[in-house]
file final.txt (compact mmCIF, C-alpha atoms)
# COMPACT_ATOMS: atom_id res chain seq x y z
CA MET A 1 94.15 -96.29 -89.56
CA LEU A 2 96.51 -98.55 -91.48
CA THR A 3 95.48 -102.18 -91.57
CA ASP A 4 99.04 -103.18 -90.70
CA PRO A 5 101.03 -100.16 -89.52
CA HIS A 6 104.24 -102.21 -89.32
CA ASP A 7 104.16 -103.17 -92.99
CA GLY A 8 106.98 -101.56 -94.97
CA LEU A 9 108.73 -99.95 -91.99
CA LEU A 10 112.53 -100.00 -91.94
CA ALA A 11 112.53 -101.21 -88.34
CA ILE A 12 115.82 -101.15 -86.40
CA ASP A 13 116.35 -102.64 -82.95
CA THR A 14 119.34 -100.79 -81.51
CA HIS A 15 120.34 -103.23 -78.79
CA VAL A 16 120.29 -107.02 -78.80
CA ASP A 17 122.66 -109.37 -76.97
CA ILE A 18 123.98 -112.66 -78.28
CA PRO A 19 124.23 -115.90 -76.28
CA TRP A 20 127.88 -116.38 -75.28
CA PRO A 21 130.03 -118.38 -75.58
CA HIS A 22 127.55 -121.04 -76.71
CA GLY A 23 123.96 -120.77 -77.77
CA PRO A 24 121.36 -121.73 -80.34
CA SER A 25 122.13 -121.03 -83.99
CA PRO A 26 121.10 -117.57 -85.21
CA PHE A 27 120.07 -119.16 -88.53
CA GLU A 28 117.32 -121.33 -87.07
CA ASN A 29 114.07 -120.51 -85.29
CA GLY A 30 115.07 -121.65 -81.82
CA ALA A 31 115.35 -120.55 -78.21
CA ARG A 32 116.88 -117.14 -78.91
CA CYS A 33 114.62 -114.11 -78.70
CA VAL A 34 116.35 -112.82 -81.83
CA ASP A 35 117.40 -115.07 -84.68
CA LEU A 36 117.17 -114.52 -88.42
CA PRO A 37 113.85 -116.37 -88.88
CA LYS A 38 112.21 -114.34 -86.08
CA LEU A 39 113.57 -111.10 -87.52
CA ARG A 40 112.02 -111.94 -90.89
CA ALA A 41 108.74 -112.95 -89.29
CA GLY A 42 108.62 -109.72 -87.29
CA ARG A 43 109.80 -107.62 -90.24
CA VAL A 44 112.67 -106.16 -88.24
CA ALA A 45 115.05 -104.93 -90.91
CA ALA A 46 118.20 -104.30 -88.90
CA VAL A 47 119.67 -105.12 -85.51
CA CYS A 48 122.56 -103.73 -83.51
CA PHE A 49 124.10 -106.86 -82.01
CA ALA A 50 126.23 -106.03 -78.98
CA ALA A 51 129.47 -107.72 -77.96
CA TYR A 52 128.75 -107.52 -74.23
CA VAL A 53 131.75 -107.44 -71.91
CA PRO A 54 130.97 -107.70 -68.17
CA GLN A 55 132.95 -105.42 -65.90
CA GLY A 56 135.91 -107.13 -64.25
CA PRO A 57 139.22 -106.25 -62.59
CA ARG A 58 140.93 -103.18 -63.97
CA ASP A 59 144.37 -104.66 -64.36
CA ALA A 60 146.39 -105.75 -67.40
CA ALA A 61 145.03 -109.30 -67.32
CA GLY A 62 141.42 -108.14 -66.94
CA HIS A 63 141.74 -105.63 -69.76
CA GLU A 64 143.36 -108.18 -72.05
CA GLU A 65 140.62 -110.71 -71.37
CA ALA A 66 137.92 -108.11 -72.00
CA ALA A 67 139.45 -107.10 -75.34
CA ALA A 68 139.77 -110.73 -76.41
CA ARG A 69 136.16 -111.44 -75.47
CA ALA A 70 134.90 -108.42 -77.41
CA SER A 71 136.89 -109.46 -80.47
CA ALA A 72 135.63 -113.05 -80.34
CA MET A 73 132.04 -111.87 -79.94
CA LEU A 74 132.43 -109.55 -82.92
CA ASP A 75 133.57 -112.60 -84.89
CA ALA A 76 130.33 -114.36 -83.87
CA ILE A 77 128.27 -111.34 -84.90
CA ALA A 78 130.04 -111.14 -88.27
CA ALA A 79 129.31 -114.85 -88.79
CA MET A 80 125.59 -114.00 -88.95
CA ALA A 81 126.37 -112.43 -92.34
CA PRO A 82 128.18 -115.22 -94.23
CA ALA A 83 129.79 -114.46 -97.57
CA ASP A 84 127.49 -116.88 -99.39
CA GLY A 85 124.53 -114.62 -98.63
CA SER A 86 122.64 -117.27 -96.67
CA GLY A 87 122.17 -115.03 -93.63
CA GLY A 88 122.12 -111.33 -92.94
CA VAL A 89 124.46 -108.70 -94.39
CA MET A 90 126.97 -106.60 -92.50
CA ALA A 91 125.80 -102.98 -92.63
CA THR A 92 128.17 -100.44 -91.14
CA THR A 93 126.75 -97.29 -92.72
CA ALA A 94 123.27 -95.80 -92.88
CA ALA A 95 123.27 -96.28 -96.66
CA ALA A 96 124.22 -99.95 -96.26
CA VAL A 97 121.30 -100.47 -93.86
CA GLU A 98 118.92 -98.94 -96.39
CA ALA A 99 120.42 -101.02 -99.22
CA ALA A 100 119.97 -104.21 -97.19
CA PHE A 101 116.35 -103.28 -96.54
CA ALA A 102 115.77 -102.65 -100.25
CA ALA A 103 117.30 -106.07 -101.00
CA ARG A 104 115.12 -107.68 -98.30
CA LYS A 105 118.18 -108.75 -96.35
CA THR A 106 118.58 -108.44 -92.58
CA ALA A 107 121.18 -105.78 -91.73
CA ILE A 108 123.68 -106.79 -89.04
CA ILE A 109 125.16 -103.80 -87.19
CA PRO A 110 127.99 -104.63 -84.75
CA ALA A 111 128.51 -102.79 -81.45
CA ILE A 112 130.35 -103.18 -78.14
CA GLU A 113 128.66 -102.96 -74.75
CA ASN A 114 131.12 -101.70 -72.13
CA GLY A 115 134.17 -99.58 -72.85
CA TYR A 116 136.02 -101.86 -70.44
CA ALA A 117 136.95 -103.71 -73.65
CA LEU A 118 139.36 -100.84 -74.38
CA GLY A 119 141.11 -101.11 -71.03
CA THR A 120 143.34 -98.04 -71.00
CA ASP A 121 144.58 -98.47 -74.57
CA LEU A 122 143.14 -95.85 -76.93
CA SER A 123 144.59 -97.66 -79.96
CA ARG A 124 142.15 -100.52 -79.42
CA LEU A 125 139.43 -98.18 -80.64
CA ASP A 126 140.95 -98.12 -84.11
CA GLY A 127 141.01 -101.90 -84.25
CA PHE A 128 137.39 -102.14 -83.22
CA ALA A 129 136.46 -99.43 -85.74
CA GLN A 130 138.00 -101.57 -88.47
CA ARG A 131 135.62 -104.34 -87.38
CA GLY A 132 132.74 -101.99 -88.26
CA ILE A 133 131.32 -101.26 -84.81
CA ARG A 134 128.86 -98.39 -84.79
CA TYR A 135 128.62 -97.65 -81.08
CA ILE A 136 130.26 -98.38 -77.77
CA THR A 137 128.31 -98.35 -74.52
CA LEU A 138 130.71 -96.41 -72.29
CA THR A 139 130.11 -98.52 -69.18
CA HIS A 140 128.12 -101.46 -67.93
CA ASN A 141 127.43 -102.05 -64.24
CA GLY A 142 130.60 -100.93 -62.51
CA HIS A 143 132.99 -98.07 -63.13
CA ASN A 144 135.79 -98.46 -65.65
CA ALA A 145 138.76 -96.39 -66.83
CA ILE A 146 136.48 -94.31 -69.06
CA ALA A 147 133.69 -93.24 -66.76
CA ASP A 148 131.42 -93.76 -63.78
CA ALA A 149 128.52 -96.16 -64.15
CA ALA A 150 124.94 -95.69 -62.97
CA ILE A 151 125.31 -98.79 -60.79
CA PRO A 152 128.63 -99.18 -58.93
CA ARG A 153 129.91 -102.68 -58.24
CA GLN A 154 130.53 -103.25 -54.55
CA ASP A 155 132.13 -106.61 -55.33
CA LEU A 156 134.76 -104.71 -57.35
CA ASN A 157 135.21 -102.17 -54.52
CA ASP A 158 133.62 -99.33 -56.48
CA ALA A 159 132.98 -96.08 -54.68
CA GLN A 160 129.63 -94.43 -55.38
CA ALA A 161 131.53 -92.19 -57.82
CA GLU A 162 135.15 -92.37 -58.94
CA HIS A 163 135.78 -89.94 -61.79
CA GLY A 164 132.94 -87.50 -61.20
CA GLY A 165 131.59 -88.59 -64.60
CA LEU A 166 134.09 -88.95 -67.42
CA SER A 167 137.76 -89.49 -66.68
CA ALA A 168 140.43 -87.61 -68.66
CA PHE A 169 140.94 -90.85 -70.59
CA GLY A 170 137.20 -91.04 -71.17
CA ARG A 171 137.23 -87.64 -72.84
CA GLU A 172 140.03 -88.83 -75.11
CA VAL A 173 137.99 -91.94 -75.91
CA ILE A 174 134.95 -89.88 -76.92
CA ALA A 175 137.06 -87.56 -79.07
CA ARG A 176 138.56 -90.54 -80.87
CA MET A 177 135.14 -92.23 -81.21
CA ASN A 178 133.92 -89.06 -82.92
CA GLN A 179 136.87 -89.14 -85.33
CA LEU A 180 136.19 -92.79 -86.13
CA GLY A 181 132.44 -92.37 -86.59
CA ILE A 182 131.56 -94.52 -83.56
CA LEU A 183 128.46 -93.39 -81.67
CA VAL A 184 128.60 -92.81 -77.91
CA ASP A 185 126.07 -94.94 -76.01
CA VAL A 186 125.25 -93.64 -72.53
CA SER A 187 123.00 -96.47 -71.35
CA HIS A 188 124.38 -97.80 -68.04
CA ALA A 189 126.35 -94.58 -67.50
CA ALA A 190 126.02 -92.41 -64.40
CA LYS A 191 124.04 -89.22 -64.91
CA SER A 192 127.24 -87.19 -64.54
CA THR A 193 128.87 -89.30 -67.26
CA MET A 194 125.90 -88.98 -69.56
CA MET A 195 125.60 -85.20 -69.20
CA GLN A 196 129.33 -84.64 -69.76
CA ALA A 197 129.38 -86.99 -72.75
CA ALA A 198 126.49 -85.12 -74.37
CA GLU A 199 128.32 -81.84 -73.84
CA CYS A 200 131.71 -82.91 -75.18
CA SER A 201 130.81 -85.26 -78.04
CA ALA A 202 130.93 -83.78 -81.54
CA THR A 203 128.22 -86.28 -82.55
CA PRO A 204 124.96 -86.48 -80.58
CA VAL A 205 124.95 -89.28 -78.00
CA LEU A 206 122.27 -91.90 -77.56
CA ALA A 207 121.02 -94.29 -74.92
CA THR A 208 120.54 -97.49 -76.91
CA HIS A 209 118.45 -99.26 -74.26
CA SER A 210 117.04 -97.14 -71.42
CA CYS A 211 113.65 -96.13 -70.01
CA MET A 212 112.16 -93.03 -68.40
CA ARG A 213 112.92 -92.40 -64.74
CA ALA A 214 109.76 -90.37 -64.24
CA LEU A 215 107.79 -93.58 -64.87
CA CYS A 216 110.21 -96.01 -63.20
CA ASP A 217 112.64 -94.66 -60.63
CA HIS A 218 115.57 -96.94 -61.43
CA PRO A 219 119.17 -95.62 -61.52
CA ARG A 220 119.59 -97.07 -65.03
CA ASN A 221 116.81 -94.86 -66.39
CA LEU A 222 116.95 -91.31 -67.75
CA ASP A 223 115.51 -88.43 -65.74
CA ASP A 224 113.92 -85.30 -67.21
CA GLU A 225 117.16 -83.29 -67.08
CA GLN A 226 118.90 -86.00 -69.08
CA LEU A 227 116.05 -86.08 -71.60
CA ASP A 228 116.27 -82.32 -71.95
CA MET A 229 120.02 -82.62 -72.61
CA LEU A 230 119.41 -85.24 -75.30
CA LYS A 231 116.88 -82.96 -76.97
CA ALA A 232 119.18 -79.94 -76.78
CA THR A 233 122.11 -81.83 -78.30
CA GLY A 234 120.20 -83.81 -80.92
CA GLY A 235 120.56 -87.15 -79.17
CA LEU A 236 118.29 -90.16 -78.78
CA ALA A 237 116.64 -92.21 -76.06
CA GLN A 238 115.94 -95.72 -77.34
CA VAL A 239 113.27 -97.21 -75.08
CA THR A 240 114.11 -100.68 -73.84
CA ILE A 241 111.69 -103.43 -72.84
CA VAL A 242 113.38 -104.86 -69.75
CA SER A 243 110.55 -105.31 -67.27
CA GLY A 244 112.40 -103.90 -64.24
CA PHE A 245 113.19 -100.70 -66.13
CA LEU A 246 109.62 -100.29 -67.35
CA ARG A 247 108.15 -100.78 -63.88
CA LEU A 248 110.03 -101.36 -60.62
CA LYS A 249 110.21 -105.02 -59.58
CA ALA A 250 107.89 -106.05 -62.42
CA ARG A 251 108.20 -109.36 -64.24
CA ALA A 252 107.82 -109.80 -67.97
CA ALA A 253 104.44 -111.47 -67.45
CA ASP A 254 103.19 -108.40 -65.56
CA LEU A 255 103.68 -106.05 -68.50
CA THR A 256 102.49 -105.61 -72.09
CA VAL A 257 103.36 -103.45 -75.08
CA ALA A 258 101.18 -100.75 -73.50
CA ASP A 259 103.83 -100.32 -70.80
CA ILE A 260 106.51 -99.85 -73.46
CA ALA A 261 104.30 -97.36 -75.28
CA ASP A 262 103.85 -95.39 -72.05
CA HIS A 263 107.61 -94.79 -71.93
CA VAL A 264 107.66 -93.91 -75.63
CA ASP A 265 104.80 -91.44 -75.06
CA TYR A 266 106.61 -89.83 -72.15
CA ALA A 267 109.85 -89.46 -74.09
CA VAL A 268 108.07 -88.05 -77.15
CA ASN A 269 106.09 -85.58 -75.05
CA ARG A 270 109.25 -84.42 -73.30
CA MET A 271 111.70 -84.35 -76.23
CA GLY A 272 109.76 -84.59 -79.47
CA ILE A 273 109.42 -87.37 -82.02
CA ASP A 274 112.95 -86.88 -83.42
CA HIS A 275 114.65 -88.10 -80.24
CA VAL A 276 113.02 -91.45 -79.47
CA GLY A 277 113.50 -95.03 -80.65
CA ILE A 278 113.46 -98.70 -79.63
CA GLY A 279 116.27 -100.89 -78.26
CA THR A 280 114.78 -104.08 -76.85
CA ASP A 281 117.74 -105.66 -75.01
CA PHE A 282 116.42 -109.02 -76.21
CA ASP A 283 118.57 -111.98 -75.17
CA GLY A 284 119.87 -109.71 -72.42
CA GLY A 285 116.71 -109.59 -70.31
CA GLY A 286 114.25 -107.73 -72.53
CA GLY A 287 110.68 -108.90 -73.08
CA VAL A 288 107.08 -108.31 -71.99
CA HIS A 289 103.89 -110.30 -72.49
CA GLY A 290 103.06 -110.12 -76.17
CA PHE A 291 106.54 -108.95 -77.17
CA MET A 292 108.90 -111.69 -76.05
CA ASN A 293 110.85 -112.04 -79.28
CA ALA A 294 111.57 -110.26 -82.55
CA ALA A 295 108.71 -111.97 -84.38
CA GLN A 296 106.25 -110.04 -82.20
CA ALA A 297 107.59 -106.57 -83.03
CA PRO A 298 104.41 -105.63 -84.96
CA HIS A 299 102.46 -105.83 -81.69
CA LEU A 300 104.30 -102.77 -80.37
CA THR A 301 103.79 -100.93 -83.65
CA ALA A 302 100.06 -101.65 -83.48
CA GLU A 303 99.88 -100.23 -79.95
CA LEU A 304 101.72 -97.07 -81.00
CA ALA A 305 99.45 -96.66 -84.04
CA LYS A 306 96.42 -97.07 -81.80
CA ARG A 307 97.73 -94.14 -79.76
CA GLY A 308 97.81 -91.92 -82.81
CA TYR A 309 101.36 -92.21 -84.12
CA ASP A 310 101.23 -91.73 -87.88
CA ARG A 311 103.39 -93.41 -90.52
CA GLU A 312 106.17 -90.81 -90.40
CA SER A 313 106.35 -90.95 -86.61
CA LEU A 314 106.42 -94.75 -86.54
CA GLN A 315 109.30 -94.76 -89.02
CA LYS A 316 111.26 -92.28 -86.92
CA ILE A 317 110.75 -94.33 -83.76
CA TRP A 318 111.51 -97.62 -85.49
CA GLY A 319 114.79 -96.57 -87.06
CA GLY A 320 114.68 -93.24 -88.83
CA ASN A 321 116.08 -91.34 -85.88
CA PHE A 322 118.89 -93.85 -85.42
CA LEU A 323 119.81 -93.62 -89.11
CA ARG A 324 120.01 -89.85 -88.72
CA LEU A 325 122.55 -90.27 -85.93
CA LEU A 326 124.55 -92.77 -87.99
CA ARG A 327 124.72 -90.23 -90.80
CA GLN A 328 125.82 -87.50 -88.41
CA ALA A 329 128.57 -89.77 -87.09
CA GLU A 330 129.66 -90.52 -90.64
CA ALA A 331 129.76 -86.78 -91.44
CA VAL A 332 131.90 -86.02 -88.37
CA ARG A 333 134.24 -88.86 -89.35
CA ALA A 334 134.55 -87.48 -92.89
CA GLU A 335 135.34 -84.02 -91.54
CA ALA A 336 138.02 -85.47 -89.26
CA ARG A 337 139.65 -87.24 -92.21
CA VAL A 338 139.69 -84.00 -94.23
CA ARG A 339 141.37 -82.15 -91.36
CA ALA A 340 143.91 -84.96 -90.92

call {"tool": "encode", "arguments": {"input": "final.txt", "output": "structure tokens"}}
result
Amino acid sequence: MLTDPHDGLLAIDTHVDIPWPHGPSPFENGARCVDLPKLRAGRVAAVCFAAYVPQGPRDAAGHEEAAARASAMLDAIAAMAPADGSGGVMATTAAAVEAAFAARKTAIIPAIENGYALGTDLSRLDGFAQRGIRYITLTHNGHNAIADAAIPRQDLNDAQAEHGGLSAFGREVIARMNQLGILVDVSHAAKSTMMQAAECSATPVLATHSCMRALCDHPRNLDDEQLDMLKATGGLAQVTIVSGFLRLKARAADLTVADIADHVDYAVNRMGIDHVGIGTDFDGGGGVHGFMNAAQAPHLTAELAKRGYDRESLQKIWGGNFLRLLRQAEAVRAEARVRA
């Protein structure tokens, strides 16, 4: 077995939140689970930082506020890659991620969590695409104009289901996301939404931060039928490390990297090694004993290696599969431009 199985991996964490609107500096080793020093210490090469927009009222004012918040958060994410080269580097293509890794620079990949940021205005997608976002999580907790969520919001008067999955607008959103090379993230989405999105998207969909429902019966997790759909359509399930999604009602202190590896094992056994990855949800609730910040990423790699995952498999789980999806999204975008 490798002495250090994490050494040399192009490791990508596909979902990390940022403190908002104020928080510790990303350039210093501080209270954040993920900052640039911790990423270097943990040899995590790239991170998808999410501009998280909580679900709110679906009226003009609510939609405007959501769009403004997403834009401001994308500014904060971009600021982690200053022009003087003192931080990370913005990487909005698979090749750019690999180039950053070769240059020993942390790749910053922007994303949006919750399509509520679009409101009902499809043109906002183009503006966000120009900011370099690589995925949009269709929903958060609570339905929006795009789709039904896994967890309705009673405080927003949500019915158990509103659209029966995707709305007509949601299908337009996915079609335009495909044209723009933006991946479709189905974490937080209702099962109906997820299954329909996988069927209609020209690019495989992914769940950037979800666990396996067979091991933890939480509505946010993916059941076997959903895993089978991801396999059939070439998609990904990126295992998250939020304690309550790994084991019902568990606390971070109750769990270890072995619990994360159990979900990875289940997903790999069900779908195959090409459909599984890691999205911690650090600074958004993610963390278990022994893996509470980015600096401790090698602990998970060591557990997976102990279970028999070889070098090629570890690279696929820790980023190779996600890079494949980025390339597929880029290819679909290029085809759309040729047709236009």

call {"tool": "residues_around", "arguments": {"input": "final.txt", "residues": "Pro110 (chain A)", "least_positions_apart": "3", "cutoff": "7 Å", "atoms": "all atoms listed in the file", "output": "compact mmCIF listing (two decimals) with C-alpha atoms, keeping the file's coordinate frame"}}
result
# COMPACT_ATOMS: atom_id res chain seq x y z
CA CYS A 48 122.56 -103.73 -83.51
CA PHE A 49 124.10 -106.86 -82.01
CA ALA A 50 126.23 -106.03 -78.98
CA LEU A 74 132.43 -109.55 -82.92
CA ILE A 77 128.27 -111.34 -84.90
CA GLY A 132 132.74 -101.99 -88.26
CA ILE A 133 131.32 -101.26 -84.81
CA ARG A 134 128.86 -98.39 -84.79

call {"tool": "closest_residue", "arguments": {"input": "final.txt", "among": "A:Gly142, A:Pro21, A:Pro26, A:Gly62", "to": "Gly87 (chain A)", "atoms": "all atoms listed in the file"}}
result
A:Pro26

call {"tool": "closest_residue", "arguments": {"input": "final.txt", "among": "A:Leu326, A:Ile182, A:Ala96, A:Val242", "to": "Leu255 (chain A)", "atoms": "only C-alpha atoms"}}
result
A:Val242

call {"tool": "residues_around", "arguments": {"input": "final.txt", "residues": "region 14-19 of chain A", "least_positions_apart": "3", "cutoff": "9 Å", "atoms": "all atoms listed in the file", "output": "PDB file with C-alpha atoms, keeping the file's coordinate frame"}}
result
ATOM      1  CA  HIS A  22     127.550-121.040 -76.710  1.00  0.00           C
ATOM      2  CA  GLY A  23     123.960-120.770 -77.770  1.00  0.00           C
ATOM      3  CA  PRO A  24     121.360-121.730 -80.340  1.00  0.00           C
ATOM      4  CA  PRO A  26     121.100-117.570 -85.210  1.00  0.00           C
ATOM      5  CA  ARG A  32     116.880-117.140 -78.910  1.00  0.00           C
ATOM      6  CA  VAL A  34     116.350-112.820 -81.830  1.00  0.00           C
ATOM      7  CA  ALA A  46     118.200-104.300 -88.900  1.00  0.00           C
ATOM      8  CA  VAL A  47     119.670-105.120 -85.510  1.00  0.00           C
ATOM      9  CA  CYS A  48     122.560-103.730 -83.510  1.00  0.00           C
ATOM     10  CA  PHE A  49     124.100-106.860 -82.010  1.00  0.00           C
ATOM     11  CA  ALA A  50     126.230-106.030 -78.980  1.00  0.00           C
ATOM     12  CA  ALA A  51     129.470-107.720 -77.960  1.00  0.00           C
ATOM     13  CA  TYR A  52     128.750-107.520 -74.230  1.00  0.00           C
ATOM     14  CA  MET A  73     132.040-111.870 -79.940  1.00  0.00           C
ATOM     15  CA  ALA A  76     130.330-114.360 -83.870  1.00  0.00           C
ATOM     16  CA  ILE A  77     128.270-111.340 -84.900  1.00  0.00           C
ATOM     17  CA  ILE A 109     125.160-103.800 -87.190  1.00  0.00           C
ATOM     18  CA  ALA A 111     128.510-102.790 -81.450  1.00  0.00           C
ATOM     19  CA  THR A 208     120.540 -97.490 -76.910  1.00  0.00           C
ATOM     20  CA  HIS A 209     118.450 -99.260 -74.260  1.00  0.00           C
ATOM     21  CA  GLN A 238     115.940 -95.720 -77.340  1.00  0.00           C
ATOM     22  CA  THR A 240     114.110-100.680 -73.840  1.00  0.00           C
ATOM     23  CA  GLY A 277     113.500 -95.030 -80.650  1.00  0.00           C
ATOM     24  CA  ILE A 278     113.460 -98.700 -79.630  1.00  0.00           C
ATOM     25  CA  GLY A 279     116.270-100.890 -78.260  1.00  0.00           C
ATOM     26  CA  THR A 280     114.780-104.080 -76.850  1.00  0.00           C
ATOM     27  CA  ASP A 281     117.740-105.660 -75.010  1.00  0.00           C
ATOM     28  CA  PHE A 282     116.420-109.020 -76.210  1.00  0.00           C
ATOM     29  CA  ASP A 283     118.570-111.980 -75.170  1.00  0.00           C
ATOM     30  CA  GLY A 284     119.870-109.710 -72.420  1.00  0.00           C
ATOM     31  CA  GLY A 285     116.710-109.590 -70.310  1.00  0.00           C
ATOM     32  CA  GLY A 286     114.250-107.730 -72.530  1.00  0.00           C
ATOM     33  CA  GLY A 319     114.790 -96.570 -87.060  1.00  0.00           C
ATOM     34  CA  PHE A 322     118.890 -93.850 -85.420  1.00  0.00           C
TER      35      PHE A 322
END

call {"tool": "residues_around", "arguments": {"input": "final.txt", "residues": "Asp7 (chain A)", "least_positions_apart": "3", "cutoff": "12 Å", "atoms": "all atoms listed in the file", "output": "ChimeraX atom specification"}}
result
/A:2-4,10-11,40-45,297-299,301-302,311,314-315,318

call {"tool": "atom_distance", "arguments": {"input": "final.txt", "atom1": "CA of Leu325 (chain A)", "atom2": "CA of Pro204 (chain A)"}}
result
7.0 Å

call {"tool": "closest_residue", "arguments": {"input": "final.txt", "among": "A:Pro152, A:Gly308, A:Pro82, A:Gly115", "to": "Asp185 (chain A)", "atoms": "only C-alpha atoms"}}
result
A:Gly115

call {"tool": "atom_distance", "arguments": {"input": "final.txt", "atom1": "CA of Asn141 (chain A)", "atom2": "CA of Phe128 (chain A)"}}
result
21.4 Å

call {"tool": "residues_around", "arguments": {"input": "final.txt", "residues": "Leu215 (chain A)", "least_positions_apart": "3", "cutoff": "8 Å", "atoms": "all atoms listed in the file", "output": "list in words"}}
result
Met212, Leu246, Arg247 and His263 of chain A

call {"tool": "closest_residue", "arguments": {"input": "final.txt", "among": "A:Lys105, A:His63, A:Arg69, A:Arg176", "to": "Thr120 (chain A)", "atoms": "all atoms listed in the file"}}
result
A:His63

call {"tool": "atom_distance", "arguments": {"input": "final.txt", "atom1": "CA of Ile317 (chain A)", "atom2": "CA of Ile12 (chain A)"}}
result
8.9 Å

call {"tool": "closest_residue", "arguments": {"input": "final.txt", "among": "A:Asp274, A:Asp59, A:Glu335, A:Asp265", "to": "Ala305 (chain A)", "atoms": "all atoms listed in the file"}}
result
A:Asp265

call {"tool": "closest_residue", "arguments": {"input": "final.txt", "among": "A:Asp155, A:Glu162, A:Asp35, A:Glu28", "to": "Ala295 (chain A)", "atoms": "only C-alpha atoms"}}
result
A:Asp35

call {"tool": "closest_atom_pairs", "arguments": {"input": "final.txt", "of": "region 50-130 of chain A", "to": "region 186-189 of chain A", "cutoff": "12 Å", "atoms": "only C-alpha atoms", "output": "JSON lines"}}
result
{"residue": "A:Pro54", "atom": "CA", "partner": "A:His188", "partner_atom": "CA", "distance": 11.9}
{"residue": "A:Gln55", "atom": "CA", "partner": "A:His188", "partner_atom": "CA", "distance": 11.7}
{"residue": "A:Glu113", "atom": "CA", "partner": "A:Ser187", "partner_atom": "CA", "distance": 9.3}
{"residue": "A:Asn114", "atom": "CA", "partner": "A:His188", "partner_atom": "CA", "distance": 8.8}
{"residue": "A:Gly115", "atom": "CA", "partner": "A:Ala189", "partner_atom": "CA", "distance": 10.7}

call {"tool": "write_last_selection", "arguments": {"input": "final.txt", "atoms": "C-alpha atoms", "output": "PDB file, in the frame of the given file"}}
result
ATOM      1  CA  PRO A  54     130.970-107.700 -68.170  1.00  0.00           C
ATOM      2  CA  GLN A  55     132.950-105.420 -65.900  1.00  0.00           C
ATOM      3  CA  GLU A 113     128.660-102.960 -74.750  1.00  0.00           C
ATOM      4  CA  ASN A 114     131.120-101.700 -72.130  1.00  0.00           C
ATOM      5  CA  GLY A 115     134.170 -99.580 -72.850  1.00  0.00           C
TER       6      GLY A 115
END

call {"tool": "decode", "arguments": {"input": "final.txt", "residues": "region 195-205 of chain A", "atoms": "N, CA, C and O atoms", "output": "PDB file, in the first residue's frame"}}
result
ATOM      1  N   MET A 195     -35.013  12.948 -11.004  1.00  0.00           N
ATOM      2  CA  MET A 195     -35.187  11.961 -12.064  1.00  0.00           C
ATOM      3  C   MET A 195     -35.496  12.639 -13.400  1.00  0.00           C
ATOM      4  O   MET A 195     -34.966  12.259 -14.448  1.00  0.00           O
ATOM      5  N   GLN A 196     -36.341  13.660 -13.370  1.00  0.00           N
ATOM      6  CA  GLN A 196     -36.681  14.381 -14.599  1.00  0.00           C
ATOM      7  C   GLN A 196     -35.484  15.151 -15.138  1.00  0.00           C
ATOM      8  O   GLN A 196     -35.263  15.204 -16.346  1.00  0.00           O
ATOM      9  N   ALA A 197     -34.710  15.753 -14.229  1.00  0.00           N
ATOM     10  CA  ALA A 197     -33.524  16.489 -14.667  1.00  0.00           C
ATOM     11  C   ALA A 197     -32.524  15.562 -15.347  1.00  0.00           C
ATOM     12  O   ALA A 197     -31.932  15.905 -16.380  1.00  0.00           O
ATOM     13  N   ALA A 198     -32.317  14.377 -14.771  1.00  0.00           N
ATOM     14  CA  ALA A 198     -31.391  13.416 -15.370  1.00  0.00           C
ATOM     15  C   ALA A 198     -31.858  12.983 -16.754  1.00  0.00           C
ATOM     16  O   ALA A 198     -31.044  12.765 -17.658  1.00  0.00           O
ATOM     17  N   GLU A 199     -33.167  12.889 -16.927  1.00  0.00           N
ATOM     18  CA  GLU A 199     -33.722  12.465 -18.211  1.00  0.00           C
ATOM     19  C   GLU A 199     -33.605  13.546 -19.277  1.00  0.00           C
ATOM     20  O   GLU A 199     -33.336  13.252 -20.445  1.00  0.00           O
ATOM     21  N   CYS A 200     -33.805  14.812 -18.883  1.00  0.00           N
ATOM     22  CA  CYS A 200     -33.904  15.858 -19.903  1.00  0.00           C
ATOM     23  C   CYS A 200     -32.597  16.612 -20.144  1.00  0.00           C
ATOM     24  O   CYS A 200     -32.460  17.288 -21.167  1.00  0.00           O
ATOM     25  N   SER A 201     -31.624  16.507 -19.257  1.00  0.00           N
ATOM     26  CA  SER A 201     -30.388  17.253 -19.422  1.00  0.00           C
ATOM     27  C   SER A 201     -29.495  16.609 -20.480  1.00  0.00           C
ATOM     28  O   SER A 201     -29.293  15.394 -20.481  1.00  0.00           O
ATOM     29  N   ALA A 202     -28.946  17.442 -21.358  1.00  0.00           N
ATOM     30  CA  ALA A 202     -28.026  16.946 -22.387  1.00  0.00           C
ATOM     31  C   ALA A 202     -26.667  16.585 -21.797  1.00  0.00           C
ATOM     32  O   ALA A 202     -25.908  15.824 -22.403  1.00  0.00           O
ATOM     33  N   THR A 203     -26.354  17.147 -20.637  1.00  0.00           N
ATOM     34  CA  THR A 203     -25.130  16.819 -19.902  1.00  0.00           C
ATOM     35  C   THR A 203     -25.518  16.033 -18.661  1.00  0.00           C
ATOM     36  O   THR A 203     -26.532  16.364 -18.028  1.00  0.00           O
ATOM     37  N   PRO A 204     -24.781  14.999 -18.287  1.00  0.00           N
ATOM     38  CA  PRO A 204     -25.137  14.264 -17.070  1.00  0.00           C
ATOM     39  C   PRO A 204     -25.243  15.191 -15.863  1.00  0.00           C
ATOM     40  O   PRO A 204     -24.498  16.164 -15.741  1.00  0.00           O
ATOM     41  N   VAL A 205     -26.187  14.884 -14.982  1.00  0.00           N
ATOM     42  CA  VAL A 205     -26.376  15.691 -13.775  1.00  0.00           C
ATOM     43  C   VAL A 205     -25.529  15.110 -12.643  1.00  0.00           C
ATOM     44  O   VAL A 205     -25.038  13.989 -12.714  1.00  0.00           O
TER      45      VAL A 205
END
